[in-house]
$ cat model23.cif   # mmCIF, C-alpha atoms and all ligand atoms
data_work
#
loop_
_atom_site.label_atom_id
_atom_site.label_comp_id
_atom_site.auth_asym_id
_atom_site.auth_seq_id
_atom_site.Cartn_x
_atom_site.Cartn_y
_atom_site.Cartn_z
CA MET A 171 74.74 33.10 55.39
CA PRO A 172 74.84 29.42 56.49
CA GLU A 173 78.66 29.52 56.19
CA GLN A 174 78.85 32.71 58.25
CA ALA A 175 76.62 31.19 60.91
CA GLU A 176 78.64 28.00 60.98
CA SER A 177 81.93 29.84 61.33
CA ALA A 178 80.50 32.06 64.10
CA VAL A 179 79.39 28.94 65.96
CA ARG A 180 82.73 27.21 65.36
CA ARG A 181 84.58 30.20 66.79
CA ILE A 182 82.45 30.15 69.92
CA MET A 183 82.81 26.40 70.44
CA ALA A 184 86.58 26.49 69.95
CA SER A 185 87.08 29.05 72.72
CA ASP A 186 88.30 28.33 76.26
CA THR A 187 85.39 30.38 77.51
CA TYR A 188 82.96 27.98 75.89
CA ALA A 189 84.79 24.96 77.34
CA ARG A 190 84.56 26.50 80.81
CA ALA A 191 80.87 27.27 80.36
CA VAL A 192 80.09 23.70 79.31
CA ALA A 193 82.17 22.33 82.19
CA ALA A 194 80.12 24.50 84.55
CA LEU A 195 76.86 23.17 83.09
CA ARG A 196 78.14 19.67 83.85
CA VAL A 197 79.27 20.44 87.42
CA GLU A 198 75.94 22.18 88.07
CA HIS A 199 73.69 19.55 86.48
CA GLY A 200 72.50 18.20 89.83
CA ARG A 201 71.45 21.69 90.86
CA THR A 202 69.67 22.22 87.55
CA VAL A 203 67.67 19.03 88.15
CA ALA A 204 66.89 20.16 91.71
CA ASP A 205 65.64 23.50 90.31
CA ILE A 206 63.41 21.67 87.79
CA VAL A 207 61.86 19.65 90.64
CA ARG A 208 61.42 22.67 92.89
CA LEU A 209 59.74 24.81 90.22
CA THR A 210 57.58 21.95 88.88
CA GLU A 211 56.16 21.36 92.35
CA ILE A 212 54.87 24.95 92.52
CA PRO A 213 51.54 24.85 90.65
CA ALA A 214 51.17 27.42 87.85
CA PRO A 215 47.72 27.07 86.26
CA PRO A 216 46.72 29.68 83.67
CA PHE A 217 46.23 33.08 85.40
CA ARG A 218 47.72 31.70 88.63
CA GLU A 219 51.42 31.86 87.90
CA ALA A 220 52.21 34.25 90.77
CA GLU A 221 53.66 31.77 93.28
CA ARG A 222 55.98 30.22 90.71
CA ALA A 223 56.90 33.69 89.45
CA GLY A 224 57.86 34.67 93.00
CA ALA A 225 60.11 31.64 93.34
CA PHE A 226 61.77 32.32 89.99
CA LEU A 227 62.24 35.97 90.91
CA SER A 228 64.17 35.09 94.09
CA MET A 229 66.25 32.55 92.16
CA ALA A 230 67.09 35.23 89.58
CA GLN A 231 68.10 37.61 92.38
CA ALA A 232 70.28 34.90 93.95
CA HIS A 233 72.03 34.55 90.58
CA GLY A 234 73.09 38.19 90.82
CA LEU A 235 71.15 39.25 87.73
CA GLY A 236 70.39 42.94 87.20
CA ASP A 237 67.04 44.74 87.17
CA VAL A 238 65.15 41.71 88.50
CA ALA A 239 61.49 42.69 88.45
CA LEU A 240 57.91 41.51 88.24
CA ASP A 241 56.06 43.45 85.53
CA ASP A 242 52.41 44.53 85.47
CA VAL A 243 51.07 41.23 84.08
CA GLY A 244 53.27 38.94 86.19
CA ASN A 245 56.27 38.25 83.95
CA VAL A 246 59.61 38.04 85.76
CA THR A 247 62.32 40.01 83.93
CA ALA A 248 66.04 40.10 84.67
CA VAL A 249 69.07 41.33 82.78
CA ARG A 250 72.50 39.79 82.37
CA ARG A 251 74.61 42.70 81.25
CA GLY A 252 76.90 42.45 78.26
CA ARG A 253 78.46 45.36 76.42
CA GLY A 254 75.09 46.95 75.85
CA GLU A 255 75.24 46.54 72.07
CA GLY A 256 71.63 45.55 71.64
CA LEU A 257 69.20 43.46 73.67
CA ILE A 258 68.47 39.75 73.13
CA CYS A 259 65.50 38.28 74.98
CA VAL A 260 65.57 34.65 76.15
CA ALA A 261 62.29 33.41 77.62
CA ALA A 262 60.51 30.38 79.05
CA HIS A 263 56.90 30.27 80.18
CA LEU A 264 55.75 29.92 83.77
CA ASP A 265 52.24 28.63 83.13
CA THR A 266 51.11 25.04 82.60
CA VAL A 267 47.83 23.79 81.15
CA PHE A 268 46.85 22.08 84.40
CA PRO A 269 44.01 23.38 86.59
CA PRO A 270 44.35 24.21 90.29
CA GLY A 271 44.36 21.08 92.44
CA THR A 272 46.40 18.98 89.99
CA ASP A 273 48.98 16.86 91.82
CA VAL A 274 52.32 18.28 90.67
CA THR A 275 54.54 16.14 92.88
CA VAL A 276 57.55 14.99 90.85
CA ARG A 277 58.04 11.22 90.74
CA LEU A 278 61.43 9.75 89.92
CA ASP A 279 61.94 6.70 87.75
CA GLY A 280 65.65 6.21 87.07
CA THR A 281 66.70 9.41 85.31
CA ARG A 282 63.12 10.23 84.43
CA LEU A 283 61.13 12.92 86.19
CA LEU A 284 57.37 12.54 85.93
CA ALA A 285 54.94 15.36 86.70
CA PRO A 286 52.44 17.58 84.88
CA GLY A 287 54.28 20.56 83.38
CA VAL A 288 57.78 19.22 84.03
CA GLY A 289 58.85 19.50 80.39
CA ASP A 290 56.41 22.15 79.14
CA ASP A 291 57.83 24.37 80.23
CA THR A 292 59.34 24.10 83.70
CA ARG A 293 62.58 22.44 82.65
CA SER A 294 63.31 25.48 80.48
CA LEU A 295 63.00 27.87 83.45
CA ALA A 296 65.72 25.95 85.29
CA VAL A 297 67.82 25.76 82.11
CA LEU A 298 67.73 29.57 81.75
CA LEU A 299 69.29 29.83 85.22
CA ALA A 300 71.81 27.07 84.42
CA TRP A 301 72.94 29.09 81.38
CA VAL A 302 73.41 32.17 83.57
CA ARG A 303 75.59 30.18 86.04
CA ALA A 304 77.61 28.74 83.15
CA MET A 305 78.17 32.16 81.57
CA ASP A 306 79.16 33.59 84.97
CA ALA A 307 81.54 30.70 85.74
CA ALA A 308 83.21 31.21 82.36
CA GLU A 309 83.14 35.01 82.70
CA VAL A 310 81.37 35.34 79.36
CA ARG A 311 80.91 38.91 78.20
CA THR A 312 78.31 39.10 75.45
CA ARG A 313 78.02 42.03 73.06
CA ALA A 314 74.26 42.37 73.56
CA ASP A 315 72.67 42.46 76.98
CA ILE A 316 70.53 39.41 77.67
CA LEU A 317 67.00 39.92 78.97
CA LEU A 318 65.77 36.77 80.70
CA VAL A 319 62.00 36.44 80.98
CA ALA A 320 59.85 33.91 82.82
CA ASP A 321 56.51 34.77 81.29
CA VAL A 322 52.83 34.26 81.97
CA GLY A 323 50.00 33.34 79.64
CA GLU A 324 51.60 31.12 76.99
CA GLU A 325 49.10 28.28 77.18
CA GLY A 326 45.63 28.40 75.57
CA PRO A 327 43.51 30.70 77.73
CA GLY A 328 46.48 32.93 78.56
CA ASP A 329 46.39 34.09 74.92
CA LEU A 330 50.06 35.20 75.00
CA ARG A 331 49.27 38.06 77.37
CA GLY A 332 52.76 37.93 78.88
CA MET A 333 54.38 38.44 75.49
CA ARG A 334 51.86 41.07 74.40
CA HIS A 335 52.75 43.11 77.47
CA LEU A 336 56.49 42.59 77.08
CA PHE A 337 56.57 43.63 73.43
CA GLN A 338 53.77 46.20 73.30
CA ARG A 339 53.50 47.95 76.65
CA GLY A 340 56.18 46.98 79.19
CA GLU A 341 59.43 48.82 79.85
CA TYR A 342 61.29 46.68 77.28
CA ALA A 343 58.75 47.31 74.50
CA GLY A 344 60.52 48.55 71.37
CA ARG A 345 63.96 47.66 72.74
CA ILE A 346 64.25 43.91 72.00
CA ASP A 347 66.33 43.12 68.91
CA ALA A 348 65.82 39.34 68.81
CA PHE A 349 63.83 36.79 70.76
CA ILE A 350 64.46 33.15 71.67
CA THR A 351 61.83 31.21 73.56
CA VAL A 352 62.91 27.92 75.11
CA ASP A 353 59.93 25.60 75.22
CA SER A 354 59.87 21.84 75.87
CA PRO A 355 62.92 19.54 75.64
CA GLU A 356 62.95 18.67 71.89
CA MET A 357 66.12 20.00 70.18
CA GLY A 358 65.27 18.63 66.72
CA ARG A 359 62.89 21.41 65.76
CA ILE A 360 63.39 25.15 65.53
CA THR A 361 60.16 27.13 65.28
CA THR A 362 60.40 29.93 62.71
CA GLY A 363 56.71 30.24 61.86
CA GLY A 364 53.95 31.19 64.25
CA VAL A 365 50.55 29.63 63.56
CA GLY A 366 47.94 32.30 64.19
CA SER A 367 44.57 31.54 65.71
CA LYS A 368 41.23 33.21 66.32
CA ARG A 369 38.83 31.68 68.78
CA TYR A 370 35.19 32.57 69.22
CA ARG A 371 32.30 31.62 71.44
CA ALA A 372 29.11 32.05 69.40
CA ARG A 373 25.85 32.40 71.37
CA PHE A 374 22.63 31.90 69.48
CA ARG A 375 19.54 33.20 71.29
CA GLY A 376 15.84 32.96 70.51
CA PRO A 377 12.47 33.40 72.19
CA GLY A 378 12.25 29.78 73.36
CA GLY A 379 9.00 27.95 73.96
CA HIS A 380 7.26 24.61 74.36
CA SER A 381 8.62 21.99 71.98
CA TYR A 382 5.10 20.77 71.17
CA GLY A 383 2.89 23.75 71.89
CA ALA A 384 5.11 26.34 70.20
CA PHE A 385 6.24 24.17 67.31
CA GLY A 386 7.16 26.29 64.30
CA LEU A 387 8.96 28.96 66.35
CA VAL A 388 12.53 29.86 65.39
CA ASN A 389 15.04 27.59 67.12
CA PRO A 390 18.57 28.88 67.86
CA MET A 391 19.81 25.26 67.83
CA TYR A 392 18.97 25.01 64.11
CA ALA A 393 20.80 28.24 63.38
CA MET A 394 23.83 27.03 65.32
CA ALA A 395 23.81 23.63 63.62
CA ASP A 396 23.52 25.39 60.25
CA ALA A 397 26.52 27.58 61.13
CA VAL A 398 28.58 24.51 62.08
CA ALA A 399 27.58 22.76 58.84
CA ARG A 400 28.42 25.85 56.74
CA LEU A 401 31.83 26.07 58.42
CA SER A 402 32.48 22.40 57.68
CA ARG A 403 32.08 23.08 53.94
CA ILE A 404 34.63 25.92 53.73
CA GLU A 405 37.61 24.93 51.62
CA VAL A 406 40.91 26.04 53.08
CA PRO A 407 44.41 25.76 51.60
CA SER A 408 46.72 23.01 52.83
CA THR A 409 49.62 25.39 52.09
CA PRO A 410 49.74 27.66 54.00
CA ARG A 411 48.11 25.24 56.42
CA THR A 412 44.75 26.64 57.48
CA THR A 413 42.26 24.82 59.71
CA TYR A 414 39.01 25.23 61.62
CA SER A 415 37.05 23.35 64.22
CA ALA A 416 33.75 23.57 66.07
CA SER A 417 35.02 22.34 69.41
CA VAL A 418 32.85 22.75 72.52
CA THR A 419 29.11 23.25 72.76
CA GLY A 420 26.33 23.67 75.31
CA GLY A 421 23.03 25.30 76.15
CA GLY A 422 19.39 24.34 75.89
CA THR A 423 16.59 24.52 78.41
CA SER A 424 15.04 21.05 78.69
CA ILE A 425 14.11 18.14 76.42
CA ASN A 426 10.60 19.50 75.90
CA SER A 427 11.62 23.08 75.15
CA ILE A 428 12.72 24.98 72.07
CA PRO A 429 15.93 26.38 73.58
CA ASP A 430 16.28 30.09 74.23
CA HIS A 431 20.03 29.91 74.09
CA VAL A 432 22.82 27.62 72.81
CA TRP A 433 26.54 28.20 72.24
CA THR A 434 29.54 26.72 70.48
CA GLU A 435 33.26 27.51 70.61
CA PHE A 436 35.18 27.72 67.34
CA ASP A 437 38.92 27.50 66.67
CA LEU A 438 40.33 28.97 63.43
CA ARG A 439 44.03 28.73 62.58
CA SER A 440 46.50 29.48 59.82
CA GLU A 441 50.20 29.78 59.15
CA SER A 442 49.33 32.88 57.11
CA ALA A 443 47.90 36.10 58.54
CA ASP A 444 46.07 36.75 55.23
CA GLU A 445 44.45 33.31 55.09
CA LEU A 446 43.46 33.61 58.76
CA ALA A 447 41.81 36.97 58.08
CA ARG A 448 39.96 35.49 55.09
CA LEU A 449 38.74 32.49 57.13
CA GLU A 450 37.66 34.74 59.99
CA ALA A 451 35.64 36.96 57.63
CA GLN A 452 33.90 33.87 56.18
CA PHE A 453 33.17 32.59 59.67
CA LEU A 454 31.66 35.90 60.82
CA ALA A 455 29.47 36.05 57.71
CA LEU A 456 28.24 32.46 57.99
CA THR A 457 27.07 32.82 61.59
CA GLU A 458 24.96 35.84 60.56
CA ALA A 459 23.68 33.98 57.49
CA ALA A 460 22.70 30.97 59.60
CA ALA A 461 20.69 33.16 61.99
CA ALA A 462 19.04 34.99 59.06
CA THR A 463 18.10 31.72 57.38
CA GLU A 464 16.44 30.43 60.55
CA ASN A 465 14.52 33.70 60.92
CA ALA A 466 13.34 33.38 57.31
CA VAL A 467 12.05 29.80 57.48
CA ARG A 468 10.29 29.68 60.86
CA SER A 469 8.04 31.97 62.87
CA THR A 470 9.53 35.09 64.49
CA THR A 471 6.25 36.22 66.06
CA SER A 472 7.73 35.75 69.57
CA GLY A 473 11.18 37.06 68.63
CA GLN A 474 14.11 36.45 66.34
CA VAL A 475 17.21 34.31 66.55
CA THR A 476 20.26 36.46 67.18
CA VAL A 477 23.93 35.61 67.30
CA GLU A 478 26.52 37.15 69.61
CA LEU A 479 30.19 36.51 68.97
CA GLU A 480 32.71 36.73 71.76
CA LYS A 481 36.37 36.60 70.76
CA ILE A 482 38.05 34.33 73.30
CA GLY A 483 41.45 33.92 71.66
CA ASP A 484 43.57 35.90 69.26
CA ARG A 485 47.12 34.86 68.45
CA PRO A 486 48.69 36.65 65.51
CA ALA A 487 50.41 34.62 62.82
CA GLY A 488 53.98 35.56 62.03
CA ARG A 489 57.17 34.36 60.49
CA THR A 490 60.93 34.69 60.82
CA ASP A 491 62.68 34.06 57.50
CA GLU A 492 64.60 30.80 57.80
CA GLU A 493 67.49 32.44 55.97
CA ALA A 494 67.71 35.25 58.52
CA GLU A 495 70.61 35.43 60.94
CA LEU A 496 68.89 34.16 64.10
CA PRO A 497 67.45 30.90 62.65
CA ARG A 498 70.74 30.27 60.82
CA LEU A 499 72.77 30.70 64.02
CA ALA A 500 70.39 28.42 65.94
CA HIS A 501 70.52 25.83 63.17
CA ALA A 502 74.33 25.92 63.09
CA ALA A 503 74.64 25.80 66.89
CA ILE A 504 72.22 22.93 67.30
CA SER A 505 73.65 20.96 64.35
CA ALA A 506 77.16 21.40 65.78
CA HIS A 507 76.00 19.44 68.84
CA GLY A 508 74.93 16.43 66.81
CA PHE A 509 71.26 17.20 66.24
CA THR A 510 69.56 17.51 62.85
CA PRO A 511 67.13 20.35 63.42
CA ALA A 512 64.25 21.11 61.09
CA PHE A 513 62.38 24.41 60.85
CA GLU A 514 58.68 24.23 61.73
CA PHE A 515 55.49 26.20 62.31
CA SER A 516 53.98 26.16 65.78
CA SER A 517 52.03 28.42 68.12
CA THR A 518 54.37 29.75 70.81
CA ASP A 519 55.41 32.89 72.65
CA ALA A 520 57.43 33.73 69.52
CA ASN A 521 54.17 34.51 67.61
CA ILE A 522 54.05 37.99 69.14
CA PRO A 523 57.56 39.21 68.20
CA MET A 524 57.22 37.48 64.80
CA SER A 525 53.99 39.35 64.13
CA LEU A 526 55.84 42.60 64.96
CA GLY A 527 58.69 41.81 62.58
CA ILE A 528 61.22 41.10 65.34
CA PRO A 529 63.42 38.05 64.60
CA ALA A 530 62.12 35.28 66.86
CA ILE A 531 62.49 31.52 67.20
CA LYS A 532 61.65 28.72 69.58
CA ILE A 533 64.29 26.17 70.54
CA GLY A 534 64.25 23.23 72.97
CA SER A 535 65.67 22.97 76.49
CA GLY A 536 67.51 19.66 75.92
CA GLY A 537 67.11 16.05 76.96
CA THR A 538 64.04 14.08 76.00
CA GLY A 539 60.47 14.08 77.15
CA GLY A 540 56.95 13.19 76.24
CA ARG A 541 53.22 13.16 77.00
CA GLY A 542 53.12 16.96 77.23
CA HIS A 543 49.76 18.42 78.31
CA SER A 544 48.90 15.12 80.03
CA LEU A 545 49.12 13.95 83.63
CA GLN A 546 51.73 11.40 82.45
CA GLU A 547 54.13 14.13 81.26
CA TRP A 548 57.80 13.20 81.73
CA ILE A 549 61.33 14.30 80.95
CA ASP A 550 64.61 12.41 81.05
CA VAL A 551 67.47 14.23 82.78
CA GLU A 552 70.12 11.63 81.97
CA PRO A 553 73.16 13.94 82.10
CA GLU A 554 74.80 13.25 78.71
CA ALA A 555 71.73 13.85 76.55
CA SER A 556 70.49 16.62 78.82
CA LEU A 557 73.85 18.46 78.77
CA ARG A 558 74.25 18.09 75.01
CA GLY A 559 70.94 19.85 74.46
CA MET A 560 71.69 22.53 77.05
CA ALA A 561 75.09 23.18 75.46
CA ALA A 562 73.42 23.51 72.04
CA GLY A 563 70.92 26.01 73.47
CA LEU A 564 73.64 27.98 75.26
CA THR A 565 75.64 28.15 72.02
CA THR A 566 72.54 29.53 70.27
CA VAL A 567 72.18 32.23 72.93
CA LEU A 568 75.88 33.13 72.79
CA ALA A 569 75.85 33.28 68.99
CA ALA A 570 72.72 35.46 69.02
CA ALA A 571 74.06 37.80 71.69
CA GLY A 572 77.56 37.83 70.17
CA VAL A 573 80.76 37.17 72.05
CA SER A 574 83.94 39.05 71.36
ZN ZN B 1 55.07 25.34 76.22
#
$ encode --input "model23.cif" --output "structure tokens"
Amino acid sequence: MPEQAESAVRRIMASDTYARAVAALRVEHGRTVADIVRLTEIPAPPFREAERAGAFLSMAQAHGLGDVALDDVGNVTAVRRGRGEGLICVAAHLDTVFPPGTDVTVRLDGTRLLAPGVGDDTRSLAVLLAWVRAMDAAEVRTRADILLVADVGEEGPGDLRGMRHLFQRGEYAGRIDAFITVDSPEMGRITTGGVGSKRYRARFRGPGGHSYGAFGLVNPMYAMADAVARLSRIEVPSTPRTTYSASVTGGGTSINSIPDHVWTEFDLRSESADELARLEAQFLALTEAAAATENAVRSTTSGQVTVELEKIGDRPAGRTDEEAELPRLAHAAISAHGFTPAFEFSSTDANIPMSLGIPAIKIGSGGTGGRGHSLQEWIDVEPEASLRGMAAGLTTVLAAAGVS
């Protein structure tokens, strides 16, 4: 399989068509950078991606793509027709982690662009369009049609709702043969494993009362603290990597009150769907046990401690076999451009297709960058490094879609 992938990639890279496509990427690099700036300066906080989606939609229309549409959850979809032998989806996410009001003005420092969200994942949106222009300039005819998606809901609170809709309910559900998400500049890593996560907000309630006068009454804070301590003692495997955290907490009434209500948010993760299910079951049992213990050791004459669990995040774990065709083609294409890619686990848009058994990977958009998810986020658009990465990504897409 590696040999087949390498020869497929060699064939593509030896063609005149490929040379023309790469030349077009180079000629158009200034426009690609301008598109990165334009899209970055349109804020796209979680659940508020609409304005950026609108801009991307008109750009996709201006590129002459087919079936350009906004779906029911706000993903932009567009098709570059090939010979219709299958459908390959290439996606980048619209949303950033930054809240409304964040200054998203792009600052320039040499060939660096600095702004929140510029690399994760706005650069990739512009790169998708650059690939379309390059394929058009070189008159590339792929075997599979290419579905381009600018999706919503990749970052934390979005809970992959864009991908869930695309793969489970939207008009392309059941029709996508392989999936490539382009996320952040880094070309040295190809994601083939999707870390799954379950997130809960646990609310512990009790009757509440005076801290002095009602001393001896059940206290939901003790039950919650007991739950956190029980979680901290769970032993999880390091392979497949499985983790947990008690992360955010709040509640209480006043310093001189037994609280009537406290809450904590919990984050559970694993590379393995089975381990994640096991950890989740332990977590659910220990919150109940903590409440029961508190009710057993203190007075419930005014009421009991109860626990309510609200699921606030659910990303399925999944995996694409590293020996499968898509990862092998990506590895060969990216290696052929001078990178040494490694396969990795991560939590990305690819989790959803992976969990459904559809071959899926994440690759980078090219160039370098850093400080993702911080206000100091930056990318470098120095043309040589930037173009090398973009050419590697384009080769991956061409190899996955097939060119005859
Ligand atoms: Zn991202």
$ closest_residue --input "model23.cif" --among "A:Lys532, A:Arg250, A:Arg201, A:Arg485" --to "Arg439 (chain A)" --atoms "only C-alpha atoms"
A:Arg485
$ residues_around --input "model23.cif" --residues "region 379-389 of chain A" --least-positions-apart "6" --cutoff "9 Å" --atoms "all atoms listed in the file" --output "number ranges by chain"
A: 425-431, 464-475
$ closest_atom_pairs --input "model23.cif" --of "chain A" --to "ligand ZN 1 (chain B)" --cutoff "9 Å" --atoms "all atoms listed in the file" --output "CSV"
residue,atom,partner,partner_atom,distance
A:Ala262,CA,B:ZN1,ZN,7.9
A:His263,CA,B:ZN1,ZN,6.6
A:Leu264,CA,B:ZN1,ZN,8.9
A:Asp265,CA,B:ZN1,ZN,8.2
A:Thr266,CA,B:ZN1,ZN,7.5
A:Val267,CA,B:ZN1,ZN,8.9
A:Gly287,CA,B:ZN1,ZN,8.6
A:Gly289,CA,B:ZN1,ZN,8.1
A:Asp290,CA,B:ZN1,ZN,4.5
A:Asp291,CA,B:ZN1,ZN,5.0
A:Thr292,CA,B:ZN1,ZN,8.7
A:Glu324,CA,B:ZN1,ZN,6.8
A:Glu325,CA,B:ZN1,ZN,6.7
A:Val352,CA,B:ZN1,ZN,8.3
A:Asp353,CA,B:ZN1,ZN,5.0
A:Ser354,CA,B:ZN1,ZN,6.0
A:Thr518,CA,B:ZN1,ZN,7.0
A:Asp519,CA,B:ZN1,ZN,8.4
A:Gly542,CA,B:ZN1,ZN,8.7
A:His543,CA,B:ZN1,ZN,9.0
$ residues_around --input "model23.cif" --residues "Ile346 (chain A)" --least-positions-apart "3" --cutoff "10 Å" --atoms "all atoms listed in the file" --output "list in words"
Gly256, Leu257, Ile258, Cys259, Asp315, Ile316, Leu317, Leu336, Phe337, Tyr342, Ala343, Phe349, Pro523, Ile528 and Pro529 of chain A
$ atom_distance --input "model23.cif" --atom1 "CA of Gly344 (chain A)" --atom2 "CA of Glu255 (chain A)"
14.9 Å
$ atom_distance --input "model23.cif" --atom1 "CA of Pro286 (chain A)" --atom2 "CA of Phe268 (chain A)"
7.2 Å
$ closest_residue --input "model23.cif" --among "A:Ala178, A:Gly563, A:Pro377, A:Arg339" --to "Ala300 (chain A)" --atoms "only C-alpha atoms"
A:Gly563
$ residues_around --input "model23.cif" --residues "Ile549 (chain A)" --least-positions-apart "3" --cutoff "8 Å" --atoms "all atoms listed in the file" --output "number ranges by chain"
A: 282-284, 288-289, 355, 537-540
$ decode --input "model23.cif" --residues "region 472-483 of chain A" --atoms "N, CA and C atoms" --output "PDB file, in the first residue's frame"
ATOM      1  N   SER A 472     -34.706  18.075  56.390  1.00  0.00           N
ATOM      2  CA  SER A 472     -35.245  19.176  55.569  1.00  0.00           C
ATOM      3  C   SER A 472     -35.175  18.868  54.085  1.00  0.00           C
ATOM      4  N   GLY A 473     -34.669  17.723  53.717  1.00  0.00           N
ATOM      5  CA  GLY A 473     -34.560  17.359  52.293  1.00  0.00           C
ATOM      6  C   GLY A 473     -33.237  16.675  52.009  1.00  0.00           C
ATOM      7  N   GLN A 474     -33.177  16.029  50.866  1.00  0.00           N
ATOM      8  CA  GLN A 474     -31.992  15.258  50.503  1.00  0.00           C
ATOM      9  C   GLN A 474     -31.113  16.023  49.516  1.00  0.00           C
ATOM     10  N   VAL A 475     -29.871  15.563  49.427  1.00  0.00           N
ATOM     11  CA  VAL A 475     -28.999  16.042  48.343  1.00  0.00           C
ATOM     12  C   VAL A 475     -29.342  15.240  47.081  1.00  0.00           C
ATOM     13  N   THR A 476     -29.511  15.951  45.996  1.00  0.00           N
ATOM     14  CA  THR A 476     -29.757  15.283  44.712  1.00  0.00           C
ATOM     15  C   THR A 476     -28.698  15.736  43.711  1.00  0.00           C
ATOM     16  N   VAL A 477     -28.510  14.942  42.684  1.00  0.00           N
ATOM     17  CA  VAL A 477     -27.568  15.343  41.641  1.00  0.00           C
ATOM     18  C   VAL A 477     -28.264  15.277  40.292  1.00  0.00           C
ATOM     19  N   GLU A 478     -28.056  16.315  39.505  1.00  0.00           N
ATOM     20  CA  GLU A 478     -28.620  16.393  38.153  1.00  0.00           C
ATOM     21  C   GLU A 478     -27.449  16.501  37.199  1.00  0.00           C
ATOM     22  N   LEU A 479     -27.440  15.663  36.178  1.00  0.00           N
ATOM     23  CA  LEU A 479     -26.329  15.691  35.226  1.00  0.00           C
ATOM     24  C   LEU A 479     -26.810  16.211  33.887  1.00  0.00           C
ATOM     25  N   GLU A 480     -26.145  17.232  33.404  1.00  0.00           N
ATOM     26  CA  GLU A 480     -26.487  17.774  32.095  1.00  0.00           C
ATOM     27  C   GLU A 480     -25.305  17.499  31.168  1.00  0.00           C
ATOM     28  N   LYS A 481     -25.578  16.797  30.075  1.00  0.00           N
ATOM     29  CA  LYS A 481     -24.492  16.513  29.124  1.00  0.00           C
ATOM     30  C   LYS A 481     -24.273  17.772  28.284  1.00  0.00           C
ATOM     31  N   ILE A 482     -23.084  18.343  28.355  1.00  0.00           N
ATOM     32  CA  ILE A 482     -22.840  19.591  27.619  1.00  0.00           C
ATOM     33  C   ILE A 482     -21.846  19.394  26.488  1.00  0.00           C
ATOM     34  N   GLY A 483     -21.372  18.174  26.287  1.00  0.00           N
ATOM     35  CA  GLY A 483     -20.480  17.928  25.158  1.00  0.00           C
ATOM     36  C   GLY A 483     -20.406  16.436  24.896  1.00  0.00           C
TER      37      GLY A 483
END
